[in-house]
Structure formats: C-alpha cells, structure tokens
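Student: One file is attached below, data25.cif, containing mmCIF, C-alpha atoms.
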data_entry
#
loop_
_atom_site.label_atom_id
_atom_site.label_comp_id
_atom_site.auth_asym_id
_atom_site.auth_seq_id
_atom_site.Cartn_x
_atom_site.Cartn_y
_atom_site.Cartn_z
CA MET A 1 0.00 0.00 0.00
CA VAL A 2 1.30 3.45 -0.97
CA GLN A 3 0.28 6.41 1.14
CA ALA A 4 0.72 9.96 -0.09
CA ALA A 5 1.94 12.67 2.25
CA ALA A 6 1.74 16.45 2.12
CA GLU A 7 4.69 18.51 1.01
CA SER A 8 7.26 19.49 3.63
CA SER A 9 6.40 16.36 5.60
CA ILE A 10 9.62 14.32 5.74
CA ARG A 11 11.57 15.99 8.54
CA GLN A 12 8.41 17.39 10.07
CA GLN A 13 6.91 13.92 10.42
CA GLN A 14 10.06 12.47 11.96
CA TRP A 15 8.36 13.09 15.28
CA HIS A 16 10.55 10.61 17.11
CA LEU A 17 13.67 12.74 16.49
CA ASP A 18 12.03 15.81 17.99
CA ALA A 19 10.54 13.85 20.87
CA MET A 20 13.88 12.25 21.69
CA HIS A 21 15.76 15.59 21.51
CA ALA A 22 17.91 14.54 18.58
CA PRO A 23 19.15 18.06 17.70
CA GLU A 24 20.15 18.57 21.33
CA MET A 25 21.82 15.16 21.59
CA TRP A 26 23.77 15.67 18.39
CA LYS A 27 25.68 18.47 20.09
CA ILE A 28 27.09 15.78 22.38
CA SER A 29 27.11 12.67 20.22
CA ARG A 30 26.17 11.59 16.72
CA GLY A 31 27.41 8.05 17.24
CA GLN A 32 30.75 8.66 15.56
CA GLY A 33 33.29 5.86 15.85
CA ILE A 34 30.62 3.18 16.41
CA THR A 35 29.70 0.37 14.02
CA VAL A 36 26.10 -0.87 14.08
CA ALA A 37 25.49 -4.19 12.34
CA VAL A 38 22.00 -4.45 10.83
CA ILE A 39 20.79 -7.99 10.08
CA ASP A 40 17.97 -7.85 7.53
CA GLY A 41 16.82 -8.85 4.05
CA GLY A 42 18.96 -6.57 1.88
CA PHE A 43 19.83 -2.88 1.55
CA LYS A 44 19.84 -0.04 -0.97
CA LEU A 45 23.47 0.88 -0.51
CA ASP A 46 23.33 3.92 -2.81
CA HIS A 47 20.40 5.73 -1.19
CA PRO A 48 21.45 9.41 -1.00
CA ASP A 49 20.67 9.59 2.74
CA LEU A 50 22.87 6.53 3.35
CA ALA A 51 25.71 7.16 0.90
CA GLY A 52 28.99 6.67 2.73
CA GLN A 53 27.28 5.11 5.76
CA PHE A 54 27.74 1.45 4.80
CA LEU A 55 30.80 -0.67 5.44
CA PRO A 56 31.48 -3.71 3.22
CA GLY A 57 28.85 -6.24 4.25
CA GLN A 58 28.19 -9.96 3.97
CA ASP A 59 25.38 -12.07 2.51
CA PHE A 60 24.27 -15.08 4.58
CA SER A 61 20.96 -15.58 2.74
CA GLY A 62 22.13 -18.25 0.34
CA GLY A 63 20.59 -16.28 -2.53
CA SER A 64 22.05 -14.17 -5.31
CA GLY A 65 22.65 -10.47 -5.62
CA GLY A 66 24.53 -9.84 -2.39
CA VAL A 67 23.66 -7.34 0.33
CA SER A 68 22.64 -4.70 -2.23
CA SER A 69 19.69 -6.79 -3.47
CA TYR A 70 16.37 -6.61 -1.64
CA ALA A 71 12.78 -7.79 -1.98
CA ASP A 72 11.28 -5.02 0.14
CA PRO A 73 12.21 -1.70 1.81
CA HIS A 74 12.57 -3.13 5.33
CA GLY A 75 16.35 -3.38 5.67
CA THR A 76 16.99 0.02 4.14
CA LEU A 77 14.41 1.64 6.41
CA MET A 78 16.07 0.12 9.49
CA ALA A 79 19.47 1.41 8.36
CA GLY A 80 17.92 4.81 7.63
CA LEU A 81 16.31 5.11 11.05
CA ILE A 82 19.71 4.47 12.59
CA ALA A 83 22.15 6.30 10.33
CA GLY A 84 20.34 8.53 7.82
CA THR A 85 22.25 11.75 7.11
CA GLY A 86 19.50 13.89 5.57
CA LYS A 87 21.76 14.66 2.59
CA ALA A 88 19.20 13.73 -0.07
CA ASN A 89 17.25 16.38 -1.97
CA GLY A 90 19.82 19.06 -1.31
CA GLY A 91 20.04 18.35 2.38
CA LYS A 92 16.30 17.92 2.86
CA GLY A 93 16.26 14.16 3.35
CA ALA A 94 15.55 11.97 6.37
CA TYR A 95 17.82 11.66 9.38
CA GLY A 96 18.69 8.71 11.55
CA LEU A 97 18.98 8.99 15.31
CA ALA A 98 22.74 8.33 15.14
CA PRO A 99 23.92 9.81 11.82
CA GLY A 100 27.59 9.49 12.80
CA VAL A 101 27.66 5.68 12.95
CA LYS A 102 28.70 3.26 10.25
CA ILE A 103 26.33 0.47 9.23
CA LEU A 104 27.60 -3.09 8.69
CA PRO A 105 24.92 -4.56 6.37
CA LEU A 106 24.34 -8.30 6.84
CA LYS A 107 21.78 -10.00 4.64
CA ILE A 108 19.69 -13.02 5.63
CA ASN A 109 16.76 -14.79 3.96
CA ASN A 110 13.78 -13.19 5.69
CA GLY A 111 11.28 -14.43 3.13
CA SER A 112 8.67 -12.23 1.50
CA VAL A 113 4.99 -11.42 1.95
CA GLY A 114 3.03 -14.57 2.68
CA SER A 115 5.96 -16.95 2.25
CA LEU A 116 7.65 -19.45 4.50
CA VAL A 117 11.38 -19.64 4.95
CA SER A 118 13.52 -22.66 5.63
CA ALA A 119 14.65 -23.90 9.01
CA ASP A 120 18.14 -22.42 8.62
CA PHE A 121 16.85 -18.98 9.64
CA LEU A 122 18.33 -19.32 13.13
CA ASP A 123 21.60 -20.48 11.63
CA GLN A 124 21.72 -17.49 9.28
CA ILE A 125 21.15 -15.12 12.18
CA GLY A 126 23.83 -16.91 14.20
CA LYS A 127 26.35 -16.63 11.38
CA ALA A 128 25.54 -12.95 10.91
CA VAL A 129 25.86 -12.22 14.64
CA ASP A 130 29.17 -14.07 14.82
CA TYR A 131 30.50 -12.18 11.79
CA ALA A 132 29.39 -8.83 13.20
CA ALA A 133 31.06 -9.46 16.54
CA GLY A 134 34.22 -10.58 14.75
CA GLN A 135 34.22 -7.33 12.77
CA GLY A 136 34.07 -5.30 15.97
CA ALA A 137 30.45 -4.12 15.70
CA LYS A 138 29.52 -2.63 19.06
CA VAL A 139 25.79 -2.81 18.36
CA ILE A 140 23.95 -5.57 16.49
CA SER A 141 20.38 -4.70 15.47
CA ILE A 142 17.97 -7.50 14.47
CA SER A 143 14.51 -6.30 13.41
CA GLN A 144 13.52 -9.83 12.47
CA GLY A 145 11.97 -12.81 14.19
CA MET A 146 9.79 -15.88 14.02
CA ASN A 147 7.04 -17.22 16.22
CA SER A 148 7.71 -20.97 15.98
CA VAL A 149 10.67 -23.04 14.89
CA THR A 150 11.74 -26.44 13.72
CA ALA A 151 15.02 -26.60 15.51
CA THR A 152 16.78 -29.18 17.56
CA PRO A 153 17.98 -28.32 21.06
CA GLU A 154 21.48 -28.46 19.60
CA ASN A 155 20.66 -25.73 17.04
CA VAL A 156 19.13 -23.51 19.70
CA ALA A 157 22.12 -24.07 21.99
CA LYS A 158 24.39 -23.16 19.06
CA LEU A 159 22.65 -19.81 18.57
CA ASN A 160 22.75 -19.07 22.27
CA SER A 161 26.45 -19.87 22.30
CA VAL A 162 26.96 -17.40 19.45
CA LEU A 163 24.99 -14.73 21.30
CA ALA A 164 26.99 -15.27 24.49
CA SER A 165 30.22 -15.12 22.50
CA ALA A 166 29.16 -11.87 20.84
CA ARG A 167 28.52 -10.30 24.25
CA ALA A 168 31.90 -11.54 25.47
CA LYS A 169 33.54 -9.97 22.41
CA GLY A 170 32.00 -6.61 23.29
CA SER A 171 28.80 -6.51 21.21
CA LEU A 172 25.31 -5.63 22.43
CA VAL A 173 22.48 -7.36 20.53
CA PHE A 174 19.02 -5.78 20.20
CA ALA A 175 16.06 -7.63 18.65
CA ALA A 176 12.38 -6.97 18.11
CA ALA A 177 9.94 -8.44 20.63
CA GLY A 178 7.28 -8.93 17.95
CA ASN A 179 4.00 -7.44 16.72
CA GLU A 180 1.65 -10.18 17.84
CA ALA A 181 0.10 -8.93 21.08
CA LYS A 182 -3.37 -9.22 19.54
CA SER A 183 -2.62 -12.45 17.69
CA GLY A 184 -2.03 -14.84 20.57
CA ASN A 185 1.11 -13.07 21.80
CA PRO A 186 3.52 -15.92 21.02
CA VAL A 187 7.17 -15.64 21.98
CA ASP A 188 9.38 -14.49 19.08
CA TYR A 189 13.03 -15.25 18.41
CA PRO A 190 15.76 -14.14 18.66
CA GLY A 191 14.17 -11.34 20.71
CA ALA A 192 13.36 -13.65 23.63
CA LEU A 193 16.71 -15.44 23.78
CA PRO A 194 19.43 -14.88 26.38
CA ASN A 195 22.06 -12.22 25.62
CA VAL A 196 19.51 -10.32 23.50
CA VAL A 197 17.79 -7.07 24.53
CA GLY A 198 14.12 -7.49 23.57
CA ILE A 199 12.50 -4.25 22.37
CA GLY A 200 8.82 -3.26 22.34
CA ALA A 201 7.15 -0.27 20.66
CA ILE A 202 5.43 2.91 21.89
CA ASP A 203 3.46 5.57 20.07
CA HIS A 204 3.53 9.39 20.02
CA SER A 205 2.10 9.63 23.55
CA GLY A 206 4.42 7.04 25.07
CA SER A 207 1.74 4.34 25.20
CA VAL A 208 2.70 0.79 24.26
CA THR A 209 1.19 0.04 20.85
CA SER A 210 -1.54 -2.58 20.68
CA GLU A 211 0.54 -4.75 18.34
CA SER A 212 3.69 -4.78 20.49
CA SER A 213 4.22 -8.25 21.97
CA TYR A 214 4.50 -8.41 25.74
CA GLY A 215 6.07 -10.68 28.29
CA PRO A 216 9.23 -11.18 30.34
CA GLN A 217 11.34 -10.95 27.18
CA VAL A 218 10.66 -7.19 26.83
CA ALA A 219 13.52 -5.19 28.32
CA LEU A 220 12.91 -1.71 26.90
CA VAL A 221 10.62 0.16 24.50
CA ALA A 222 11.24 2.85 21.88
CA PRO A 223 9.18 4.77 19.30
CA GLY A 224 7.50 2.40 16.85
CA MET A 225 4.62 4.31 15.28
CA ASP A 226 4.60 6.47 12.12
CA THR A 227 8.38 6.49 11.92
CA ILE A 228 9.78 7.88 8.67
CA GLY A 229 13.15 7.12 7.14
CA ALA A 230 15.09 6.37 3.97
CA CYS A 231 13.94 3.31 2.03
CA THR A 232 13.50 1.86 -1.47
CA THR A 233 10.04 3.13 -2.48
CA PRO A 234 9.64 5.49 -5.46
CA SER A 235 9.91 8.59 -3.28
CA GLY A 236 12.88 7.16 -1.40
CA TYR A 237 11.06 7.40 1.96
CA CYS A 238 8.81 5.13 4.01
CA LYS A 239 6.47 5.46 6.92
CA GLY A 240 6.70 2.39 9.13
CA HIS A 241 5.60 1.04 12.49
CA GLY A 242 6.25 -1.83 14.84
CA THR A 243 8.93 -3.27 17.06
CA SER A 244 11.30 -3.37 14.08
CA ASP A 245 11.46 0.43 14.06
CA ALA A 246 11.72 0.53 17.84
CA THR A 247 14.64 -1.90 17.72
CA ALA A 248 16.49 0.30 15.24
CA LEU A 249 16.02 3.35 17.47
CA ALA A 250 17.07 1.50 20.62
CA SER A 251 20.18 0.31 18.79
CA ALA A 252 20.95 3.87 17.68
CA SER A 253 20.48 5.05 21.28
CA ALA A 254 23.14 2.63 22.46
CA ALA A 255 25.49 3.85 19.73
CA LEU A 256 25.07 7.48 20.82
CA ILE A 257 26.12 6.58 24.37
CA TRP A 258 28.95 4.28 23.35
CA SER A 259 30.46 6.99 21.18
CA VAL A 260 30.93 9.16 24.28
CA HIS A 261 31.97 6.27 26.55
CA PRO A 262 34.01 3.98 24.27
CA ASP A 263 35.57 2.13 27.21
CA TRP A 264 32.25 0.97 28.62
CA SER A 265 31.28 -2.68 28.27
CA PRO A 266 28.00 -3.91 26.75
CA ASN A 267 26.72 -4.50 30.29
CA GLN A 268 27.44 -0.91 31.27
CA ILE A 269 25.80 0.54 28.17
CA LEU A 270 22.70 -1.56 28.76
CA ARG A 271 22.63 -0.74 32.48
CA VAL A 272 22.69 2.99 31.76
CA LEU A 273 19.95 2.61 29.14
CA ILE A 274 17.83 0.80 31.74
CA ASN A 275 18.61 3.17 34.60
CA THR A 276 17.73 6.27 32.57
CA ALA A 277 14.60 4.85 30.92
CA SER A 278 11.22 6.43 31.55
CA ARG A 279 9.42 3.93 33.76
CA PRO A 280 5.99 2.68 32.66
CA ASN A 281 2.99 3.88 34.64
CA GLY A 282 5.21 6.02 36.85
CA GLY A 283 6.50 2.92 38.61
CA THR A 284 9.94 1.75 39.64
CA VAL A 285 9.81 -1.84 38.41
CA ARG A 286 9.55 -3.41 34.98
CA THR A 287 6.25 -4.40 33.38
CA ASP A 288 5.65 -7.03 30.74
CA ASP A 289 4.35 -4.54 28.18
CA ALA A 290 7.00 -1.81 28.50
CA GLY A 291 9.87 -3.60 30.21
CA TRP A 292 11.98 -1.11 32.15
CA GLY A 293 10.61 1.77 30.13
CA ALA A 294 11.34 3.98 27.13
CA VAL A 295 14.94 4.53 26.12
CA ARG A 296 16.04 8.11 26.73
CA PRO A 297 19.52 8.58 25.27
CA ARG A 298 19.35 12.30 26.01
CA VAL A 299 19.21 11.57 29.73
CA ALA A 300 21.84 8.84 29.37
CA LEU A 301 24.19 11.33 27.73
CA THR A 302 23.68 14.18 30.18
CA ASP A 303 23.14 12.26 33.42
CA PRO A 304 24.17 8.61 32.95
CA GLY A 305 24.77 7.84 36.61
CA ASP A 306 26.92 4.91 37.70
CA PRO A 307 27.38 2.42 34.84
CA GLY A 308 28.11 -0.33 37.36
CA PRO A 309 30.47 -3.29 36.93
CA ALA A 310 31.67 -4.07 33.44
CA ASN A 311 31.42 -7.83 33.80
CA VAL A 312 27.98 -8.14 35.42
CA SER A 313 24.93 -8.17 33.18
CA PRO A 314 21.91 -6.12 34.27
CA LEU A 315 19.85 -8.98 32.84
CA PRO A 316 20.65 -12.06 34.97
CA ALA A 317 18.70 -14.23 32.53
CA ASP A 318 21.54 -13.69 30.05
CA SER A 319 23.37 -16.53 31.77
CA ALA A 320 20.41 -18.90 31.79
CA VAL A 321 20.75 -22.22 29.99
CA PRO A 322 17.82 -22.57 27.55
CA SER A 323 15.55 -25.56 28.03
CA ALA A 324 14.42 -27.81 25.21
CA ALA A 325 10.98 -28.12 26.79
CA PRO A 326 8.16 -25.95 25.37
CA VAL A 327 7.35 -22.90 27.50
CA PRO A 328 3.87 -21.31 27.30
CA SER A 329 3.55 -17.77 25.99
CA VAL A 330 1.60 -15.24 28.01
CA SER A 331 -1.60 -16.25 26.22
CA GLY A 332 -0.95 -20.01 26.31
CA SER A 333 1.10 -22.70 24.64
CA MET A 334 2.28 -22.34 21.06
CA PRO A 335 0.26 -24.27 18.45
CA ALA A 336 1.69 -27.44 16.98
CA SER A 337 1.95 -25.83 13.56
CA ALA A 338 2.67 -22.40 12.16
CA VAL A 339 1.20 -20.44 9.28
CA PRO A 340 2.56 -17.41 7.43
CA VAL A 341 1.84 -14.13 9.20
CA PRO A 342 0.56 -11.31 6.95
CA VAL A 343 3.18 -8.64 6.40
CA GLU A 344 2.46 -5.02 5.57
CA SER A 345 5.22 -3.13 3.81
CA PRO A 346 6.20 0.38 4.91
CA THR A 347 4.18 3.01 3.05
CA ASP A 348 5.69 5.38 0.54
CA VAL A 349 6.15 9.02 1.57
CA PRO A 350 6.93 11.77 -0.99
CA SER A 351 10.06 13.76 -0.24
CA ALA A 352 9.85 17.14 1.45
CA ARG A 353 11.86 19.85 3.12
CA PRO A 354 13.03 19.52 6.76
CA VAL A 355 11.71 21.70 9.55
CA ALA A 356 13.25 22.75 12.82
CA GLY A 357 13.12 20.27 15.67
CA LYS A 358 10.85 20.87 18.64
CA SER A 359 12.17 21.38 22.15
CA GLU A 360 11.42 19.19 25.13
CA ALA A 361 11.27 20.17 28.78
CA GLY A 362 12.42 18.04 31.65
CA SER A 363 15.16 15.58 32.28
CA GLY A 364 15.42 12.78 34.79
CA GLY A 365 18.11 10.99 36.71
CA ALA A 366 19.23 7.43 37.23
CA LEU A 367 16.59 5.05 38.51
CA PRO A 368 16.81 1.70 40.32
CA LEU A 369 18.80 -1.07 38.64
CA VAL A 370 17.00 -3.82 36.84
CA ALA A 371 16.53 -6.98 38.85
CA GLY A 372 16.28 -9.29 35.87
CA VAL A 373 14.30 -10.39 32.87
CA VAL A 374 13.51 -14.03 32.23
CA ALA A 375 14.05 -15.07 28.61
CA GLY A 376 11.61 -17.61 27.24
CA LEU A 377 12.13 -20.40 24.76
CA VAL A 378 9.61 -22.23 22.65
CA LEU A 379 10.58 -25.27 20.58
CA VAL A 380 8.04 -26.88 18.30
CA ALA A 381 9.37 -30.02 16.62
CA GLY A 382 8.58 -31.05 13.07
CA VAL A 383 7.03 -27.85 11.67
CA VAL A 384 8.07 -25.12 9.26
CA PHE A 385 8.38 -21.71 10.88
CA ALA A 386 7.06 -18.35 9.78
CA VAL A 387 9.24 -15.26 9.86
CA VAL A 388 7.43 -12.28 11.34
CA ARG A 389 8.71 -8.91 10.26
CA ARG A 390 7.32 -6.09 12.36
CA ARG A 391 5.07 -4.24 9.90
CA ARG A 392 1.47 -4.95 10.85
CA LYS A 393 -0.79 -1.97 11.47
CA PRO A 394 -1.58 -1.31 15.17
CA GLU A 395 -5.14 -0.77 16.31
CA GLY A 396 -4.91 1.37 19.42
CA VAL A 397 -2.86 1.41 22.58
CA GLN A 398 -2.21 -0.82 25.54
CA VAL A 399 -1.74 0.19 29.18
CA PRO A 400 -1.06 3.93 28.59
CA PRO A 401 1.32 5.43 31.15
CA PRO A 402 -0.61 8.11 33.09
CA GLU A 403 2.39 10.42 33.00
CA GLY A 404 2.04 10.72 29.21
CA ASN A 405 4.85 11.09 26.74
CA PRO A 406 8.12 9.92 28.33
CA TYR A 407 10.03 12.44 26.21
CA ALA A 408 7.90 15.45 27.18
CA ARG A 409 9.16 15.86 30.72
#
Take the structure from the file and write it as structure tokens.
Tutor:
Amino acid sequence: MVQAAAESSIRQQQWHLDAMHAPEMWKISRGQGITVAVIDGGFKLDHPDLAGQFLPGQDFSGGSGGVSSYADPHGTLMAGLIAGTGKANGGKGAYGLAPGVKILPLKINNGSVGSLVSADFLDQIGKAVDYAAGQGAKVISISQGMNSVTATPENVAKLNSVLASARAKGSLVFAAAGNEAKSGNPVDYPGALPNVVGIGAIDHSGSVTSESSYGPQVALVAPGMDTIGACTTPSGYCKGHGTSDATALASASAALIWSVHPDWSPNQILRVLINTASRPNGGTVRTDDAGWGAVRPRVALTDPGDPGPANVSPLPADSAVPSAAPVPSVSGSMPASAVPVPVESPTDVPSARPVAGKSEAGSGGALPLVAGVVAGLVLVAGVVFAVVRRRRKPEGVQVPPPEGNPYAR
C-alpha cells in the first residue's frame, strides 16, 4: 500500500527525532566511531541519505545479488532510522537517530509477503551475529523474528552460544519483541533469547502500541509508530511502524552513548539505558508490556549515573541455559503448527523539506537497577516456521502510562 503525504512532511513527520531531543543530543554525540550491524533482508546501498554510511557487508541468505539486493524496503528503512544523514534532496532528506555511525549490512533470507522460509533462519542469524562481533560491531540490530521453529535443542544451543560469544567480544544485541500482542502473543526469536535485549514499541504519547508483543522478554521500548526514514520506495522514503522500528532506534540510542563512553562494556551501556529509561505507569519496576521503560539517550548522555560493573549483566537471565521443553507464551502454549503471518510493507512518503526540531522540557536521573528479565524459549518439533517482520498496522494502545509522553518531561 502506498500512502501519499503532504509537502514538507519528511523531517516534520520524523516526530521521534524531535521527541527524543535529537538536535540537542547531536551536540554531544552523533554516534561517531561506532559500528552498528544491521541484520535484515537486503539494503539499498546507494540511497542518498545513506551514501557513505555502509561498510562492506556480507550475505548469509544463500541467494544471489549480495547485500545490495532486496525484496522489500525493510532493511533500508532500518538502516535509515539508525544512520540517515538527511543529505538527499539538497540536504532535505531523512535523518537517523545516530547519523555518525557506520552500518555493517548483513543479509539473511527473511522471506517475503506470505511466504515461509527454511529452518536455517536461526543459523543465518547466528552466522551474521558471529560475523558482526568478529568485525568489531559494538551494536547488532535484528529487526527480524519468528514465532515458531523447527530446531533441535542443539541448534538452539548453538545460537545461544553465538549470542553469548558476541557479548563476550563486546557486542550488544538488540532484537524486536514482535508485533503479535493481539494475535495470541507468542514468543518471538531471537528477541526472547538470552544475551539479547528485547524491544517493544510505543506511540507518540508514550503508550505501548496494541501490536507490540509483551512478556518477560521485553527489556525496553522505543518509538514504533509512524516512523519515517530512507527506504526503497519510489519517493525514497517510508512510513513504518512496529517493534522493528523501535529496535532500530534502541540500537541507535546505544550507539550514541557508546560513542561518548568507548571504554564501557555492553553491560554498562545496557545498564545505563535501563537506569535512565522512563518507567511505565510512573512505577519503579519493569512491566511485561513496557519492560523497564522507554529509552532516553538524552538523559543517558547528560546524566548517565553509575554504569556499574563491566562484567555483570543487568539482565541475569543472560546466563540462563535454555531448556528444550516448550514454554507457554503469556496467552498459552504455542500451536503445533505455524502459518505465514501477513506482512504489511512500509508506506511510501513523498520527499519534502526539513523543519526545525521541537524542544522538550524536563530531564530525569538514574533510577533503580533492573533486577532481571527471564528469557523464554519455545521449541516446536517437526514444523516449518514463519518469519514475522514487524510491519502490521496497530489498532490502538495498551496500558497507557498516566504520566504521558516519556520524552515530554
């Protein structure tokens, strides 16, 4: 579906940049010196807003065409939300939250609309994560997932070993929690695995979107509604939504902080993100819909607090050994078979001129340290699994925080 937009809408409609104080943050950090690996289904390497932002990548999809071939705009949009420079159209293009980073593009076979992919999806992700960590990527962003899997315990253990190794090598892995809160809320992977930071989505007001999957796998949330960035549509810009977009913005947030504190470990970066998050419902503990709250890199940059020990994870479940036994999702056990999940592509947005960013009042200090998030694991033997990219249209909100927009205070 293609959706037209009024002139002068591109920068103006990048509401998440204004809400998150991007212009203010960029005076402190633009993410320079940090590599963010993006694992997705292909990238438009020559998009004007991303020219010069890509490092030489790698294709793990088993297909042809390399990382510069793509079946949909998804991968390019994720890269654009992270690292867009706004250089297109004479400097009137779309910006990423961390325009100073470099993107390591890693292609996997994420299928296409209505299709199933083979059972090597986990293996492709594992190979891409291992490659990214070996290349020194500080942040690994995975806006991909599936809701059931034909995998042996050995294959799952292999992926978890790769994830643990990536953390030990100094990488922090973010992955989408899923967009299936209203479709049975099954657990999605790799977002629910140990050594992965599961990300949910919020809207303009700071409310968790109705599609954002919930459960103990959610660590943090970030904007995931009406986000606009560089992509492969005719106009060169897309409007997207979902936990994919939120994952890209959480990944960019980590890059902004790491650029200023290059000696911090992944545990310290994550701890500061958690401690400076805007807590859901005004509370001091995590919730299953919003985790420990909305990422606020502005606060993390200006008042990070104590990053804590470098070798202690703020998520104790990171060290958990996954079980081969099925674990129920919040809404019940996974079905014995899986079907393709409908996927909605990002909508096309005509290009437009940028406008000045809005200001935000308020700040906020460090808050209590996370006690732990339990990662779930669902294994369903003998079935084909469906990849779920995070593009489905939300239909409202879920558990709105009474304090309103976490970025407006």
Student: Under the rule of at most 10 Å, produce a per-residue listing of stretch 179-235 of chain A near stretch 44-53 of chain A: chain, number, name, the closest pair of atoms, and the distance in Å, as CSV, using only C-alpha atoms.
Tutor:
residue,atom,partner,partner_atom,distance
A:Gly229,CA,A:Asp49,CA,9.1
A:Ala230,CA,A:Asp49,CA,6.6
A:Cys231,CA,A:Lys44,CA,7.4
A:Thr232,CA,A:Lys44,CA,6.6
Student: Please evaluate the PyMOL selection byres ((chain A and resi 295-302) around 8) against the structure above and give the resulting residues as a ChimeraX atom specification.
Tutor: /A:20-22,24-25,28,220-222,250,253-254,256-257,260,272-274,276-278,293-294,303-305,363-365,407
Student: So that all listed atoms of stretch 269-286 of chain A fit with 5 Å spare on each side, what axis-aligned box centre and edge lengths in Å, to one decimal, would you give as JSON?
Tutor:
{"center_x": 14.4, "center_y": 1.5, "center_z": 33.9, "size_x": 32.8, "size_y": 19.8, "size_z": 21.5}
Student: Taking the file as I've supplied it (selection: the PyMOL selection byres ((chain A and resi 161-170) around 9)), which residues are included? Please answer as a ChimeraX atom specification.
Tutor: /A:126-127,129-130,132-134,136-139,156-160,171-173,193-196,265-267,318-319
Student: I'd like the neighbourhood of stretch 71-75 of chain A as a ChimeraX atom specification, where a residue qualifies if any of its atoms comes within 8 Å (using all atoms listed in the file), though same-chain residues fewer than 2 positions away should be ignored.
Tutor: /A:38-43,69,77-79,112,231-233,238,345-346
Student: I need the residue set behind the PyMOL selection byres ((chain A and resi 30) around 7) for this file; please write it as a ChimeraX atom specification.
Tutor: /A:26,29,31-32,98-100,256
Student: Have a look at atom CA of A:Glu211 and atom CA of A:Pro406 and let me know their distance in Å, one decimal.
Tutor: 19.3 Å
Student: Just to confirm, what's the straight-line distance from atom CA of A:Gly215 to atom CA of A:Asn147 in Å (one decimal)?
Tutor: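 Taking atom CA of A:Gly215 as the start and atom CA of A:Asn147 as the end point, the length is 13.8 Å.
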Student: Between A:Ala128, A:Leu97, A:Val187, A:Val67, which has the minimum distance to A:Met146 (counting only C-alpha atoms)?
Tutor: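 Under the stated criterion, the closest residue is A:Val187.
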Student: Could you pull the residues within 9 Å of A:Gly93, counting all atoms listed in the file, minus those fewer than 2 positions along the same chain, as a list of chain:residue names?
Tutor: A:Ile10, A:Arg11, A:Pro48, A:Asp49, A:Gly84, A:Thr85, A:Gly86, A:Lys87, A:Ala88, A:Asn89, A:Gly90, A:Gly91, A:Tyr95, A:Gly229, A:Ala230, A:Tyr237, A:Ser351, A:Ala352, A:Arg353, A:Pro354
Student: Figure out the distance between atom CA of A:Ser313 and atom CA of A:Asp263, please, to one decimal in Å.
Tutor: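 Here the two named atoms are 16.0 Å from each other.
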Student: Could you check which of A:Ser251, A:Ser61, A:Ser212, A:Thr347 is closest to A:Ile228, using all atoms listed in the file?
Tutor: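 Using all atoms listed in the file, A:Ile228 sits closest to A:Thr347.
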Student: Leaving out A:Leu55 and any residue of its chain fewer than 5 positions from it, which residues lie within 7 Å of it when counting all atoms listed in the file, given as a PyMOL selection string?
Tutor: chain A and resi 102-104
Student: What lies within 8 Å of A:Phe60 using all atoms listed in the file, ignoring chain neighbours under 5 positions off, as an NGL selection string?
Tutor: :A and (106-109 or 124 or 127-128)
Student: Which is closer to A:Asp203 than all the others in A:Gln58, A:Gln217, A:Ser64, A:Thr227, using all atoms listed in the file?
Tutor: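 Between A:Gln58, A:Gln217, A:Ser64, A:Thr227, the residue approaching A:Asp203 most closely is A:Thr227.
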Student: Give me the residues within 8 Å of A:Gln268 as a PyMOL selection string, counting all atoms listed in the file and dropping any in the same chain fewer than 5 places off.
Tutor: chain A and resi 307-310+313
Student: Just the selected residues (C-alpha atoms), exported as a PDB file, in the frame of the given file, please.
Tutor:
ATOM      1  CA  PRO A 307      27.380   2.420  34.840  1.00  0.00           C
ATOM      2  CA  GLY A 308      28.110  -0.330  37.360  1.00  0.00           C
ATOM      3  CA  PRO A 309      30.470  -3.290  36.930  1.00  0.00           C
ATOM      4  CA  ALA A 310      31.670  -4.070  33.440  1.00  0.00           C
ATOM      5  CA  SER A 313      24.930  -8.170  33.180  1.00  0.00           C
TER       6      SER A 313
END
